[in-house]
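Structure first, commentary second.
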Amino acid sequence: MAVLSCWVLGALQGAILILVPEMMLQGEISAFALALPLSLGTFFFMCCSGWWGHLLDKRASANQSILVIVRWVLLGFLVSQLSFIGFLQFSEFQGISLVIALCLARVLHGMFCSAIIPSAQLTLSHNDKKGEKLVWSSIATNIGRLTAPLLTFVPIDMNYFSLWFIASVTLIAVVIAWFSQKDKVDTSNAVTDEQSLSYPLTTQEVSLDALTQHTSSAPIQSIKTESFSLLTNPLLISVCIAAVLITLFSSQLQFSLGPMLLAQFGSAELASNMTASLLFAASASALVSLFILYRPLSRSPILFIFVISASFIGGSLLFVMQKQLIVAVVLISAALSMAPAWYTALAIHASKYNKARTSAAVSQGHTLGNAFGGLAGGLLLILGQQALLLSFILLMVLILCAGGMVYHRGHRVNTTNKVSIAKLNVD
């Protein structure tokens with residue numbers, strides 16, 4: 001269920017980006033006007049994600065099933081998709097009327113799909129000692145993004161076929177969820193030797209909460225319900241900053257592809273097909289990176305940072321120069337797919353009892369970048385293509401600085417944990 005939910009989320013995102021030129025022409029609206037409902041949905045996603053994370057952690061700490069939450073989340077997610085398709089295909093709305101209608105559908109989308117990533121990563125993090133199961137949420141999302149371009153080329157004469165197909169898969173997920181049996185979450189408090197093994201991926205020895213459990217004389221239950229604050233966690237702050245910048249870059253690039261190609265070719269069908277080809281190449285690159293490169297590279301954090309930085313810099317420069325666009329998006333996608341998997345695992349494994357809220361905080365960072373990425377792309381396209389391309393250079397520099405900050409703080413936490421473990425062993 002966790003993997004299937006992430007697939008739906010990725011497929012829907014890719015399908016909407018591919019259909020941007022067609023929706024612009026059908027509704028007689030600009031790229032900036034279309035970005036408004038899409039950004040509004042991601043804004044509600046960001047606002048609701050933290051609440052879902054708190055609710056999921058509360059149920060997990062009480063050893064209660066989270067399946068009841070997943071059921072209603074998927075049902076609401078399905079309703080939001082059907083309303084979005086209905087306004088596009090069956091209404092006669094155009095201009096501002098269509099924008100308002102799509103805003104309503106996207107508000108529903110943000111309210112319910114904001115629980116998908118926290119619930120999926122909470123499930124996958126169970127007994128995941130090295131962060132190797134968590135990467136499946138990223139893999140499933142990228143498989144969804146890879147599927148979306150393929151649906152564009154299916155020889156079926158049906159308006160918005162890709163959106164209908166994704167909605168049907170969501171319906172299957174809803175049926176599976178409602179007929180599944182509840183399974184309680186194991187929240188055992190014992191800290192075993194296996195939990196004290198090193199994490200090559202996260203550069204951490206044990207979680208901070210696990211150390212608190214050893215050193216505090218407070219009851220176990222009080223540790224489970226301890227408050228969660230982003231402001232007191234420097235590592236999580238740096239991870240969230242990196243998440244905002246990376247998704248701002250990625251969403252701005254993905255959203256601007258359709259309008260740029262539409263202006264270049266003058267044909268919505270040709271622009272959609274070209275956008276689909278580029279997004280397909282990007283998704284394929286992300287999957288290859290996550291399946292083949294991620295695990296061996298993550299065992300050496302320095303090598304991991306070097307490889308993704310070189311790939312990101314090379315791809316960004318090619319895109320800004322508007323040369324070899326497929327090679328550019330392949331290199332960018334390879335870097336920007338592995339980086340979130342790395343810093344998300346780093347943040348989640350730094351917490352024992354606040355995993356869902358930590359996942360929600362990182363997801364909120366991603367959502368904040370997505371919310372402003374489309375708007376920024378639409379505004380910069382009004383100013384001109386050169387302004388848009390220059391903004392990618394600025395974001396590239398900021399992302400590299402944020403990545404270095406995450407690595408530095410992760411290394412500092414690792415050093416602190418080693419000292420604490422040595423003191424515990426002496427005691």
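Each chain in the structure tokens gets a letter, A, B, ..., in the order shown, and its residues are numbered from 1; ligands are numbered from 1 in order too.
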**Request:** Fewer than 4 positions away in the same chain doesn't count, so skip those; otherwise give me all residues within 8 Å of A:Tyr160, counting only C-alpha atoms, as a ChimeraX atom specification.
**Result:** /A:85,89,164
**Message:** I'd like the contact shell of A:Gly365 - 8 Å cut-off, only C-alpha atoms, skipping same-chain residues fewer than 2 positions apart - returned as a list in words.
**Reply:**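 So the residues in contact are Met46, Cys240, Ile241, Ala243, Val244, Ala361, Val362, Ser363, Thr367, Leu368 and Gly369 of chain A.
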**Message:** Show me, as number ranges by chain, the residues that have an atom within 12 Å of stretch 281-289 of chain A when counting only C-alpha atoms, minus same-chain residues fewer than 3 positions from it.
**Reply:** A: 10-11, 13-14, 135-150, 250, 253-254, 274-278, 292-298, 304, 307-308, 311, 315, 325-341
**Request:** Find the residues near A:Gly27: any atom within 8 Å, counting only C-alpha atoms, skip ones fewer than 5 places away on the same chain, and give them as a ChimeraX atom specification.
**Result:** /A:93-95,98
